[in-house]
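Data first, discussion second: the structure below is written as structure tokens.
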Amino acid sequence: MKWLITIALLLNTAFVQAESALAKVITKTGANVMFMRHALAPGYGDPSHFDVNDCSTQRNLDATGRAQAESLGKVLRQHQINFTEVKSSQWCRCQETARLLDVGKVVPFTGLNSFFEEHADREQTLRNLKRYLDSLKQDELVLLVTHQVVISAVTGIYAPSGGVVLFSTTTNASKALDLQRYQ
């Protein structure tokens, strides 16, 4: 019985160390923002008859994308990464990604909408996002689920589907992060 308790304690210690490794990366970066590109949604752009209020007119997550979002959410929850707020682009693939992460109530936000193919105005989108980012305190951590063009415009980093970029609103430092590495 004693050896069983010892093994359980060792496993728990290993988990806590792995958990703190992800938190340490976030802290070391000084990040108060975690940008995430929506999970895998096969295809390119959106159909010509795109309507932000109608998911049937948009490129959406497939089964692989839904599994990816759930897996990323599991990593965040296992490592007890807590967010002050979770915001998402109004696009269905972003909102579904954010919901499947299951890390907080999802709030749609126009400052995260895609301006690729000019479905949203680039300057207005980035102005809305900058105003929001400027309002954040350094001791907060927010999750922003959005599109590659938005993440690249703010951080200069290309994020693949389901990719994460940490960002500090104080220093403007950014760092790509592979969440799958922390499984």
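Chain identifiers are assigned as A, B, and so on, following the order in which chains appear in the structure tokens; residues are numbered from 1 within each chain, and ligands are numbered from 1 in order of appearance.
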Legend entry - Every residue of region 107-149 of chain A that DSSP places in helix (DSSP H, G or I), as a ChimeraX atom specification: /A:110-112,116-118,122-135,148-149
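All residues in chain A with a DSSP state of strand (DSSP E), computed from the backbone, read A:Val33, A:Met34, A:Phe35, A:Met36, A:Arg37, A:Glu85, A:Val86, A:Lys87, A:Ser88, A:Val106, A:Val107, A:Pro108, A:Val142, A:Leu143, A:Leu144, A:Val145, A:Thr146, A:Val164, A:Val165, A:Leu166, A:Phe167, A:Ser174, A:Lys175, A:Ala176, A:Leu177.
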Inset, instruction - Tell me which protein, DNA and RNA residues are within 12 Å of Ser135 (chain A), counting only C-alpha atoms, leaving out same-chain ones fewer than 4 positions away, and put them as a ChimeraX atom specification. - result: /A:32-33,128-131,139-140,142,169-170
Inset, instruction - Find the residues around Gly162 (chain A) up to 6 Å (only C-alpha atoms counted), leave out those fewer than 2 positions away in its own chain, and share them as number ranges by chain. - result: A: 37-39
For the selection you just gave me, I'd like the residues written to a file as a compact mmCIF listing (two decimals), in the first residue's frame, keeping N, CA and C atoms.
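Writing the result to out_11.txt gives the following:
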```txt
# COMPACT_ATOMS: atom_id res chain seq x y z
N ARG A 37 -5.51 31.08 -33.28
CA ARG A 37 -6.19 30.98 -34.57
C ARG A 37 -7.22 29.87 -34.45
N HIS A 38 -8.35 30.06 -35.10
CA HIS A 38 -9.38 29.03 -35.08
C HIS A 38 -8.80 27.67 -35.48
N ALA A 39 -9.43 26.62 -35.01
CA ALA A 39 -9.00 25.26 -35.33
C ALA A 39 -9.22 24.99 -36.83
```
Inset, instruction - Please identify all polymer residues within 12 Å of Arg66 (chain A), counting only C-alpha atoms, omitting same-chain residues fewer than 4 positions from it, and present them as a PyMOL selection string. - result: chain A and resi 38-42+60-62+70-73+93-102+161-162
Legend entry - Leu22 (chain A) environment, 9 Å, only C-alpha atoms, sequence neighbours closer than 4 positions dropped, as a list in words: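 Close residues of Leu22 (chain A): Ala18, Ile26, Thr27, Leu76, His79, Ile81, Leu179 and Tyr182 of chain A.
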Legend entry - Top pick for closest residue to Leu112 (chain A), considering A:Ala23, A:Cys55, A:Ala69, A:Leu126 and counting only C-alpha atoms: A:Leu126
Legend entry - Nearest candidate to Val52 (chain A) (options A:Ala176, A:Cys92, A:Leu136, A:Val154; using only C-alpha atoms):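 Of all the options, A:Cys92 lies closest to Val52 (chain A).
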Within 10 Å of Thr57 (chain A), counting only C-alpha atoms, which residues show up once you throw out same-chain ones fewer than 3 positions away? Write them as a PDB file with C-alpha atoms, in the first residue's frame, please.
```
ATOM      1  CA  ASP A  46     -14.979  32.072 -47.384  1.00  0.00           C
ATOM      2  CA  PRO A  47     -17.578  31.532 -50.125  1.00  0.00           C
ATOM      3  CA  SER A  48     -18.582  34.560 -52.221  1.00  0.00           C
ATOM      4  CA  HIS A  49     -22.050  34.538 -50.623  1.00  0.00           C
ATOM      5  CA  PHE A  50     -20.521  34.870 -47.127  1.00  0.00           C
ATOM      6  CA  ASP A  51     -22.819  36.189 -44.374  1.00  0.00           C
ATOM      7  CA  VAL A  52     -21.355  36.629 -40.872  1.00  0.00           C
ATOM      8  CA  ASN A  53     -24.774  35.742 -39.395  1.00  0.00           C
ATOM      9  CA  ASP A  54     -25.202  32.496 -41.356  1.00  0.00           C
ATOM     10  CA  ASN A  60     -16.419  25.837 -40.848  1.00  0.00           C
ATOM     11  CA  CYS A  92     -18.634  30.646 -36.831  1.00  0.00           C
TER      12      CYS A  92
END
```
